[in-house]
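**Student:** Contents of coords.csv (CSV, C-alpha atoms) are given next:
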chain,number,residue,atom,x,y,z
A,2,MET,CA,-44.5,-5.3,-39.3
A,3,LYS,CA,-43.5,-8.4,-37.3
A,4,ARG,CA,-39.9,-8.1,-38.6
A,5,PHE,CA,-39.9,-4.4,-37.7
A,6,PHE,CA,-41.3,-5.1,-34.2
A,7,ALA,CA,-38.7,-7.9,-33.6
A,8,LEU,CA,-35.9,-5.6,-34.8
A,9,SER,CA,-37.1,-2.7,-32.5
A,10,LEU,CA,-37.3,-5.1,-29.5
A,11,PHE,CA,-33.7,-6.4,-30.3
A,12,MET,CA,-32.4,-2.8,-30.4
A,13,PHE,CA,-34.1,-1.9,-27.2
A,14,THR,CA,-32.7,-5.0,-25.5
A,15,LEU,CA,-29.2,-4.2,-26.8
A,16,GLN,CA,-29.4,-0.6,-25.5
A,17,ALA,CA,-30.7,-1.8,-22.1
A,18,ALA,CA,-27.8,-4.2,-21.9
A,19,SER,CA,-25.2,-1.5,-22.6
A,20,ALA,CA,-26.7,0.8,-20.0
A,21,GLN,CA,-25.7,0.8,-16.4
A,22,LEU,CA,-27.8,1.3,-13.3
A,23,ILE,CA,-27.3,4.3,-10.9
A,24,HIS,CA,-29.1,4.6,-7.6
A,25,VAL,CA,-29.8,8.0,-6.1
A,26,GLY,CA,-30.2,8.7,-2.4
A,27,THR,CA,-32.4,11.7,-1.6
A,28,TYR,CA,-33.8,13.9,1.2
A,29,SER,CA,-37.5,13.4,1.8
A,30,VAL,CA,-38.6,16.9,0.6
A,31,ARG,CA,-40.3,18.3,-2.5
A,32,GLY,CA,-42.2,15.0,-3.2
A,33,SER,CA,-39.2,12.7,-3.1
A,34,GLU,CA,-40.3,9.0,-3.1
A,35,GLY,CA,-37.1,7.7,-1.5
A,36,ILE,CA,-34.3,6.0,-3.5
A,37,TYR,CA,-34.4,6.5,-7.3
A,38,THR,CA,-32.9,4.3,-10.0
A,39,LEU,CA,-31.6,5.7,-13.3
A,40,ARG,CA,-30.2,4.0,-16.4
A,41,PHE,CA,-27.0,5.6,-17.7
A,42,ASP,CA,-25.8,4.9,-21.3
A,43,PRO,CA,-22.0,5.4,-21.3
A,44,LYS,CA,-22.0,5.6,-25.1
A,45,THR,CA,-24.2,8.7,-25.2
A,46,GLY,CA,-24.2,10.0,-21.6
A,47,LYS,CA,-28.0,9.8,-21.5
A,48,LEU,CA,-29.9,9.3,-18.2
A,49,THR,CA,-33.4,7.7,-18.1
A,50,PRO,CA,-35.7,6.9,-15.1
A,51,ALA,CA,-35.9,3.3,-14.1
A,52,GLY,CA,-38.0,3.4,-11.0
A,53,SER,CA,-37.9,4.1,-7.2
A,54,VAL,CA,-38.4,2.5,-3.9
A,55,LYS,CA,-40.4,4.3,-1.1
A,56,ASN,CA,-38.5,5.6,1.9
A,57,GLU,CA,-39.8,8.7,3.7
A,58,LYS,CA,-36.9,8.9,6.2
A,59,SER,CA,-34.4,10.8,4.0
A,60,PRO,CA,-32.3,7.9,2.7
A,61,SER,CA,-29.5,10.3,1.8
A,62,PHE,CA,-26.4,8.2,1.4
A,63,VAL,CA,-26.4,4.8,-0.4
A,64,ALA,CA,-23.9,2.1,-1.0
A,65,ILE,CA,-24.0,-1.2,-3.0
A,66,ARG,CA,-22.6,-4.4,-1.6
A,67,PRO,CA,-19.8,-6.0,-3.7
A,68,GLY,CA,-21.4,-8.3,-6.1
A,69,GLY,CA,-24.3,-6.0,-6.7
A,70,SER,CA,-27.1,-8.0,-5.1
A,71,PHE,CA,-27.8,-5.7,-2.2
A,72,LEU,CA,-28.0,-1.9,-1.4
A,73,TYR,CA,-27.9,-0.1,1.9
A,74,SER,CA,-29.0,3.4,2.9
A,75,VAL,CA,-28.6,5.6,5.9
A,76,ASN,CA,-31.9,7.3,6.9
A,77,GLU,CA,-31.2,10.7,8.4
A,78,ALA,CA,-34.7,11.5,9.6
A,79,ASP,CA,-35.1,11.2,13.4
A,80,GLY,CA,-36.9,8.1,14.6
A,81,PRO,CA,-39.2,7.7,17.6
A,82,GLY,CA,-38.0,7.7,21.2
A,83,PRO,CA,-35.8,10.0,23.3
A,84,THR,CA,-32.6,9.4,21.4
A,85,LYS,CA,-34.2,10.4,18.1
A,86,ALA,CA,-31.8,8.1,16.3
A,87,GLY,CA,-31.7,7.6,12.5
A,88,SER,CA,-31.6,4.2,10.9
A,89,ILE,CA,-30.0,2.0,8.2
A,90,SER,CA,-32.0,0.1,5.6
A,91,ALA,CA,-31.1,-3.0,3.6
A,92,TYR,CA,-32.5,-3.8,0.2
A,93,SER,CA,-32.2,-6.7,-2.2
A,94,ARG,CA,-31.3,-5.4,-5.7
A,95,ASN,CA,-32.2,-6.8,-9.1
A,96,SER,CA,-29.0,-6.3,-11.1
A,97,LYS,CA,-30.9,-6.3,-14.4
A,98,THR,CA,-33.7,-3.9,-13.6
A,99,GLY,CA,-32.3,-2.1,-10.6
A,100,ALA,CA,-35.5,-2.8,-8.6
A,101,LEU,CA,-35.0,-2.5,-4.8
A,102,THR,CA,-37.0,-4.6,-2.3
A,103,PRO,CA,-36.7,-3.7,1.4
A,104,ILE,CA,-35.2,-6.4,3.7
A,105,ASN,CA,-34.8,-4.9,7.1
A,106,GLU,CA,-33.9,-1.8,9.1
A,107,LYS,CA,-31.7,-1.1,12.1
A,108,SER,CA,-31.2,1.8,14.4
A,109,SER,CA,-28.1,4.0,13.9
A,110,PHE,CA,-28.0,4.7,17.6
A,111,GLY,CA,-27.3,8.3,16.9
A,112,GLN,CA,-28.7,11.4,15.1
A,113,ALA,CA,-28.3,12.1,11.4
A,114,PRO,CA,-26.4,9.1,10.0
A,115,CYS,CA,-24.8,10.7,6.9
A,116,HIS,CA,-22.5,8.1,5.4
A,117,ILE,CA,-22.2,4.3,4.9
A,118,SER,CA,-19.4,2.2,3.6
A,119,ILE,CA,-19.5,-1.6,2.8
A,120,ASP,CA,-16.2,-3.4,3.2
A,121,LYS,CA,-14.7,-5.4,0.3
A,122,THR,CA,-15.9,-8.8,1.7
A,123,GLY,CA,-19.5,-7.5,1.9
A,124,ARG,CA,-19.7,-8.6,5.5
A,125,TRP,CA,-19.5,-5.3,7.3
A,126,ALA,CA,-21.4,-1.9,7.0
A,127,ILE,CA,-19.6,1.0,8.6
A,128,VAL,CA,-21.9,3.9,9.4
A,129,SER,CA,-21.0,7.5,10.3
A,130,ASN,CA,-23.4,9.4,12.6
A,131,TYR,CA,-23.1,13.1,12.2
A,132,GLY,CA,-24.5,13.4,15.7
A,133,ALA,CA,-22.8,10.5,17.5
A,134,GLY,CA,-19.7,8.6,16.3
A,135,TRP,CA,-19.4,5.6,14.1
A,136,LEU,CA,-20.6,2.0,14.3
A,137,VAL,CA,-20.2,-1.3,12.5
A,138,TYR,CA,-23.1,-3.7,11.6
A,139,ALA,CA,-22.7,-7.3,10.4
A,140,ILE,CA,-24.2,-8.1,7.0
A,141,GLN,CA,-25.8,-11.6,6.8
A,142,PRO,CA,-25.5,-13.8,3.7
A,143,ASN,CA,-29.0,-13.0,2.7
A,144,GLY,CA,-28.1,-9.3,2.7
A,145,SER,CA,-30.0,-8.3,5.9
A,146,LEU,CA,-28.4,-6.2,8.6
A,147,GLY,CA,-27.4,-8.3,11.5
A,148,SER,CA,-25.8,-7.6,14.9
A,149,LEU,CA,-24.0,-4.4,16.0
A,150,VAL,CA,-20.3,-5.5,16.3
A,151,ASP,CA,-18.5,-2.3,17.1
A,152,SER,CA,-19.0,1.4,17.8
A,153,LEU,CA,-17.3,4.5,19.2
A,154,SER,CA,-18.1,8.1,19.9
A,155,PHE,CA,-15.5,10.9,20.1
A,156,SER,CA,-15.4,14.0,22.3
A,157,GLY,CA,-14.0,17.4,21.7
A,158,LYS,CA,-14.9,20.5,19.6
A,159,GLY,CA,-13.4,23.0,17.2
A,160,PRO,CA,-13.2,26.8,16.9
A,161,ASN,CA,-16.3,27.2,14.7
A,162,LYS,CA,-19.0,27.6,17.4
A,163,VAL,CA,-21.8,26.9,15.1
A,164,ARG,CA,-20.5,23.8,13.2
A,165,GLN,CA,-17.9,22.5,15.7
A,166,GLU,CA,-19.7,22.6,19.0
A,167,LYS,CA,-19.0,18.8,19.3
A,168,SER,CA,-17.7,15.8,17.4
A,169,HIS,CA,-19.4,15.3,14.0
A,170,VAL,CA,-18.3,12.1,12.2
A,171,HIS,CA,-18.9,12.6,8.5
A,172,SER,CA,-17.4,9.7,6.6
A,173,ALA,CA,-15.6,6.4,6.8
A,174,THR,CA,-13.4,5.5,3.9
A,175,ILE,CA,-12.1,1.9,3.4
A,176,SER,CA,-8.8,1.3,1.7
A,177,ALA,CA,-8.7,-0.8,-1.5
A,178,ASP,CA,-6.9,-3.7,0.3
A,179,ASN,CA,-9.7,-3.7,3.0
A,180,LYS,CA,-7.1,-3.3,5.8
A,181,PHE,CA,-7.7,0.3,6.9
A,182,VAL,CA,-10.6,2.7,7.6
A,183,TYR,CA,-10.2,6.5,7.7
A,184,ILE,CA,-12.8,8.3,9.7
A,185,ALA,CA,-13.2,12.1,9.2
A,186,ASP,CA,-14.5,14.1,12.2
A,187,LEU,CA,-15.7,17.5,11.1
A,188,GLY,CA,-16.3,18.7,14.6
A,189,THR,CA,-12.9,18.1,16.1
A,190,ASP,CA,-10.7,18.7,13.0
A,191,LYS,CA,-9.3,15.1,13.2
A,192,LEU,CA,-8.8,12.3,10.8
A,193,HIS,CA,-8.7,8.9,12.5
A,194,CYS,CA,-7.1,5.8,11.1
A,195,TYR,CA,-8.2,2.2,12.1
A,196,ASN,CA,-7.2,-1.3,11.2
A,197,LEU,CA,-10.1,-3.3,10.0
A,198,ASN,CA,-10.4,-7.0,11.1
A,199,ALA,CA,-12.3,-8.5,8.1
A,200,GLN,CA,-13.1,-11.6,10.1
A,201,THR,CA,-14.8,-9.9,13.1
A,202,GLY,CA,-15.7,-6.4,11.8
A,203,LYS,CA,-13.8,-4.8,14.7
A,204,LEU,CA,-11.8,-1.5,14.2
A,205,THR,CA,-8.6,-1.1,16.2
A,206,PRO,CA,-6.5,2.1,16.3
A,207,ASN,CA,-3.7,2.2,13.8
A,208,LYS,CA,-0.1,2.7,14.9
A,209,THR,CA,-0.6,6.4,13.9
A,210,PRO,CA,-4.2,6.6,14.9
A,211,VAL,CA,-5.0,10.3,14.6
A,212,MET,CA,-4.1,13.2,12.2
A,213,SER,CA,-4.9,16.6,13.7
A,214,LEU,CA,-5.8,19.1,11.0
A,215,LYS,CA,-5.6,22.9,11.1
A,216,PRO,CA,-8.2,24.3,13.5
A,217,GLY,CA,-11.5,25.2,11.8
A,218,SER,CA,-10.9,23.0,8.7
A,219,GLY,CA,-13.8,20.7,9.1
A,220,PRO,CA,-12.7,17.3,7.6
A,221,ARG,CA,-15.6,15.9,5.6
A,222,HIS,CA,-14.8,13.3,2.9
A,223,PHE,CA,-11.5,11.5,2.2
A,224,THR,CA,-10.3,9.6,-0.9
A,225,ILE,CA,-7.2,7.5,-1.6
A,226,HIS,CA,-5.2,7.7,-4.8
A,227,PRO,CA,-5.5,4.6,-7.1
A,228,ASN,CA,-1.8,3.8,-6.4
A,229,GLY,CA,-2.5,3.8,-2.7
A,230,ARG,CA,0.5,6.1,-1.9
A,231,PHE,CA,-1.4,9.4,-1.6
A,232,ALA,CA,-4.6,10.6,-0.1
A,233,TYR,CA,-6.8,13.7,-0.2
A,234,LEU,CA,-9.2,15.2,2.3
A,235,ALA,CA,-12.0,17.7,1.5
A,236,GLU,CA,-12.1,20.3,4.3
A,237,GLU,CA,-15.7,21.4,4.4
A,238,LEU,CA,-15.4,24.6,6.4
A,239,SER,CA,-12.1,26.0,4.9
A,240,SER,CA,-13.0,25.1,1.2
A,241,SER,CA,-9.6,23.6,0.8
A,242,VAL,CA,-7.9,20.3,0.4
A,243,ALA,CA,-5.3,18.6,2.5
A,244,VAL,CA,-2.8,16.2,0.8
A,245,PHE,CA,-1.1,13.3,2.4
A,246,SER,CA,1.5,10.8,1.5
A,247,ARG,CA,0.4,7.3,2.6
A,248,ASP,CA,2.2,4.1,3.5
A,249,PRO,CA,0.2,1.3,1.8
A,250,GLN,CA,1.7,-1.3,4.2
A,251,THR,CA,0.9,0.5,7.5
A,252,GLY,CA,-1.9,2.8,6.4
A,253,SER,CA,-0.1,5.8,8.1
A,254,LEU,CA,-0.4,9.3,6.7
A,255,THR,CA,2.0,12.2,6.5
A,256,LEU,CA,0.8,15.7,5.6
A,257,MET,CA,2.3,17.0,2.4
A,258,GLN,CA,0.2,20.0,1.5
A,259,GLU,CA,-2.1,21.9,3.9
A,260,ARG,CA,-5.1,23.9,2.9
A,261,VAL,CA,-4.8,24.0,-0.9
A,262,ALA,CA,-7.5,26.5,-1.9
A,263,SER,CA,-10.2,25.3,-4.3
A,264,LEU,CA,-11.9,28.6,-5.1
A,265,PRO,CA,-10.9,31.6,-7.2
A,266,ALA,CA,-9.1,34.2,-5.3
A,267,ASN,CA,-11.7,36.8,-6.0
A,268,PHE,CA,-14.7,34.7,-4.7
A,269,LYS,CA,-16.2,36.4,-1.7
A,270,GLY,CA,-19.4,34.4,-1.0
A,271,GLU,CA,-20.0,31.5,1.4
A,272,ASN,CA,-18.9,28.1,0.3
A,273,THR,CA,-18.5,24.6,1.8
A,274,HIS,CA,-17.0,21.5,0.4
A,275,ALA,CA,-19.0,18.3,0.0
A,276,ASP,CA,-17.4,15.4,-2.0
A,277,ILE,CA,-13.9,14.5,-3.3
A,278,HIS,CA,-12.7,11.9,-5.9
A,279,THR,CA,-9.7,11.2,-8.2
A,280,ASP,CA,-10.2,10.0,-11.7
A,281,PRO,CA,-9.5,6.3,-12.3
A,282,ALA,CA,-6.0,7.0,-13.7
A,283,GLY,CA,-5.1,9.2,-10.7
A,284,LYS,CA,-4.2,12.2,-12.8
A,285,HIS,CA,-6.8,14.6,-11.6
A,286,LEU,CA,-8.7,15.4,-8.4
A,287,TYR,CA,-12.2,16.9,-8.2
A,288,VAL,CA,-14.1,18.6,-5.3
A,289,SER,CA,-17.7,19.8,-5.1
A,290,ASN,CA,-18.4,23.3,-3.9
A,291,ARG,CA,-21.7,24.3,-2.3
A,292,GLY,CA,-22.1,28.1,-2.7
A,293,HIS,CA,-19.7,28.6,-5.6
A,294,ASN,CA,-21.8,25.8,-7.2
A,295,SER,CA,-19.0,24.2,-9.1
A,296,LEU,CA,-16.5,21.3,-9.2
A,297,SER,CA,-12.9,22.4,-8.6
A,298,ILE,CA,-10.4,20.6,-10.8
A,299,PHE,CA,-6.8,19.9,-9.7
A,300,SER,CA,-3.9,18.2,-11.5
A,301,ILE,CA,-2.0,15.5,-9.6
A,302,ALA,CA,1.8,15.4,-9.9
A,303,GLN,CA,3.8,12.2,-9.8
A,304,ASN,CA,4.7,13.0,-6.2
A,305,GLY,CA,1.0,13.3,-5.3
A,306,SER,CA,0.9,17.0,-4.9
A,307,ILE,CA,-2.0,18.9,-6.4
A,308,LYS,CA,-2.4,22.2,-8.4
A,309,LEU,CA,-5.7,24.0,-9.0
A,310,ILE,CA,-6.4,24.3,-12.7
A,311,GLY,CA,-10.0,25.6,-12.7
A,312,GLN,CA,-13.6,25.3,-11.7
A,313,GLN,CA,-16.5,23.8,-13.7
A,314,PRO,CA,-20.0,25.3,-13.2
A,315,ILE,CA,-22.5,22.5,-12.6
A,316,LYS,CA,-25.7,24.3,-13.8
A,317,GLY,CA,-27.4,23.7,-10.4
A,318,ALA,CA,-27.3,24.6,-6.8
A,319,LYS,CA,-25.7,22.9,-3.8
A,320,PRO,CA,-23.8,20.0,-5.5
A,321,ARG,CA,-23.5,17.2,-3.0
A,322,ASN,CA,-21.9,13.9,-4.0
A,323,PHE,CA,-20.7,13.4,-7.5
A,324,MET,CA,-19.6,10.3,-9.3
A,325,ILE,CA,-16.8,9.8,-11.8
A,326,HIS,CA,-17.8,7.1,-14.2
A,327,PRO,CA,-15.5,4.0,-14.0
A,328,SER,CA,-14.5,4.7,-17.6
A,329,GLY,CA,-13.3,8.2,-16.6
A,330,ALA,CA,-15.3,9.7,-19.5
A,331,TYR,CA,-18.1,11.3,-17.5
A,332,VAL,CA,-18.8,13.0,-14.2
A,333,LEU,CA,-22.3,13.0,-12.8
A,334,VAL,CA,-23.2,15.6,-10.2
A,335,ALA,CA,-26.2,15.5,-7.7
A,336,ASN,CA,-27.5,19.0,-7.2
A,337,GLN,CA,-29.5,19.0,-3.9
A,338,ASP,CA,-31.3,22.3,-4.2
A,339,THR,CA,-32.2,22.3,-7.9
A,340,ASP,CA,-33.5,18.7,-8.0
A,341,ASN,CA,-31.3,17.6,-10.9
A,342,ILE,CA,-28.4,15.4,-11.8
A,343,VAL,CA,-26.1,16.9,-14.4
A,344,VAL,CA,-23.9,14.9,-16.7
A,345,LEU,CA,-20.5,16.4,-17.6
A,346,LYS,CA,-18.1,15.1,-20.3
A,347,ARG,CA,-14.5,14.7,-19.1
A,348,ASP,CA,-11.3,15.1,-21.1
A,349,PRO,CA,-8.9,12.4,-19.7
A,350,LYS,CA,-5.8,14.3,-20.8
A,351,THR,CA,-6.6,17.7,-19.4
A,352,GLY,CA,-9.1,16.7,-16.7
A,353,LEU,CA,-11.4,19.6,-17.9
A,354,LEU,CA,-15.1,19.2,-18.0
A,355,THR,CA,-17.9,20.2,-20.4
A,356,ASP,CA,-21.6,20.2,-19.9
A,357,THR,CA,-23.4,17.6,-22.1
A,358,GLY,CA,-26.8,19.2,-21.5
A,359,GLU,CA,-28.1,15.9,-20.2
A,360,ARG,CA,-30.2,16.1,-17.0
A,361,ALA,CA,-32.3,13.9,-14.8
A,362,LYS,CA,-35.0,15.3,-12.5
A,363,VAL,CA,-34.8,13.8,-9.0
A,364,PRO,CA,-36.0,15.6,-5.9
A,365,SER,CA,-33.2,16.7,-3.6
A,366,PRO,CA,-30.5,14.2,-4.8
A,367,VAL,CA,-27.6,13.6,-2.4
A,368,CYS,CA,-25.7,10.5,-3.4
A,369,LEU,CA,-25.0,8.4,-6.5
A,370,ALA,CA,-24.0,4.8,-6.5
A,371,ILE,CA,-23.3,2.6,-9.6
A,372,GLN,CA,-22.5,-1.0,-10.2
Rewrite the coordinates I just gave you, this time as structure tokens.
**Tutor:**
Amino acid sequence: MKRFFALSLFMFTLQAASAQLIHVGTYSVRGSEGIYTLRFDPKTGKLTPAGSVKNEKSPSFVAIRPGGSFLYSVNEADGPGPTKAGSISAYSRNSKTGALTPINEKSSFGQAPCHISIDKTGRWAIVSNYGAGWLVYAIQPNGSLGSLVDSLSFSGKGPNKVRQEKSHVHSATISADNKFVYIADLGTDKLHCYNLNAQTGKLTPNKTPVMSLKPGSGPRHFTIHPNGRFAYLAEELSSSVAVFSRDPQTGSLTLMQERVASLPANFKGENTHADIHTDPAGKHLYVSNRGHNSLSIFSIAQNGSIKLIGQQPIKGAKPRNFMIHPSGAYVLVANQDTDNIVVLKRDPKTGLLTDTGERAKVPSPVCLAIQ
């Protein structure tokens, strides 16, 4: 019996060591506790619960600081006072168990903060306020959020009177070399490029600071090809993708393909894009569709151009952010309206996806972060 118990404990420890931790940001509805932690086994694709930390302010988008010791969330729920600003929370993170411990919280100085990026030095947190521009917070050595070092709000609007009545900053994407930041403004149909000073956290306009997109497109999320020479933008309102060539030295963008459709030609329902990623090898591009409830799959040519090759149903409703596993073998999708995370197996040659049947129940999941 003792030998059996020792062997079982050894096997459990071995399995735990091979598993990876995934943190899930959620909206505070349907009993959500806040930020959830799951264990993911890359050998089997299995997800198992590993705890949660309480946060009742809709910690929707989360990001892990390089090194893995700290995690940050934007809290979309309106706070007290006349500005009704959201907030940002800092947590210490146990890299073995995934347990999160609150450190401190800061105002976002704007409504509905919806995205947060941590630069590669781990010193700066760039926050996107859907209601009021972007801002940069310093991150202290102990992981806490420090002083506000930079911020800016945009003016303008777009042709969609419901969604583009004003500027709506939706994301800030940092280049792999940590030199450039691309900020998507859904409300004004613009993609802004900034130079990042990693010593001060300040953002200054790039030599080519603004890309104006087709009116009514609604830029949402942006991703850069692994080789740094191409980039892709998910247009929320047009359900299409814009493709850019990119100069890795200057960070400047040149539009290559405009409004590449992501849906079947015969689809007549309402749809909006949410998230966008390439696979680690840069051979395929994926975009999440809310309405069609699928992931669109594109092949990427050597010149960076894309071609739609199909859609994969995600067995849920309103897919928000999704994550391509670093191995490229799996895609995990957070379905906001059906309270589940779906695991898809990915064929690295064709880019096509198949449902593994693996699910994790999480109330209103929005964002997935792994390290």
**Student:** To one decimal place in Å, what is the distance between CA of Pro320 (chain A) and CA of Ala275 (chain A)?
**Tutor:**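 Computing it gives 7.5 Å between the two atoms.
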**Student:** Between A:Ser33, A:Asn198, A:Asn76, A:Thr122, which one has atoms that come closest to Glu106 (chain A), using all atoms listed in the file?
**Tutor:**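 Between A:Ser33, A:Asn198, A:Asn76, A:Thr122, the residue approaching Glu106 (chain A) most closely is A:Asn76.
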**Student:** At what distance in Å, to one decimal, does CA of Glu77 (chain A) lie from CA of Val343 (chain A)?
**Tutor:**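 If I compute the distance from CA of Val343 (chain A) to CA of Glu77 (chain A), I get 24.2 Å.
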**Student:** Where's the centre, and what are the edge lengths in Å to one decimal, of a box along x, y and z enclosing all listed atoms of region 188-199 of chain A padded 4 Å per side, as AutoDock Vina command-line options?
**Tutor:**
--center_x -11.7 --center_y 5.1 --center_z 12.1 --size_x 17.2 --size_y 35.2 --size_z 16.0
**Student:** Can you tell me how far CA of Lys308 (chain A) sits from CA of Leu286 (chain A), in Å to one decimal?
**Tutor:**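 So the answer is 9.3 Å.
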**Student:** Which is closer to His285 (chain A) than all the others in A:Glu166, A:Asp348, A:Glu57, A:Glu359, using all atoms listed in the file?
**Tutor:**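 The closest residue to His285 (chain A) is A:Asp348.
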**Student:** A:Ile119, A:Ala113, A:Leu345, A:Leu238: which is nearest Ala133 (chain A), counting all atoms listed in the file?
**Tutor:** A:Ala113
**Student:** Between A:Gly270, A:Gly305, A:Pro216, A:Pro206, which has the minimum distance to Phe231 (chain A) (counting all atoms listed in the file)?
**Tutor:**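 Nearest candidate to Phe231 (chain A) out of A:Gly270, A:Gly305, A:Pro216, A:Pro206: A:Gly305.
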**Student:** Dump as a PyMOL selection string all residues having an atom at most 8 Å from (-26.8, 6.5, 8.4), computed in the file's coordinates with all atoms listed in the file.
**Tutor:** chain A and resi 62+74-77+87-89+109+113-117+128-130
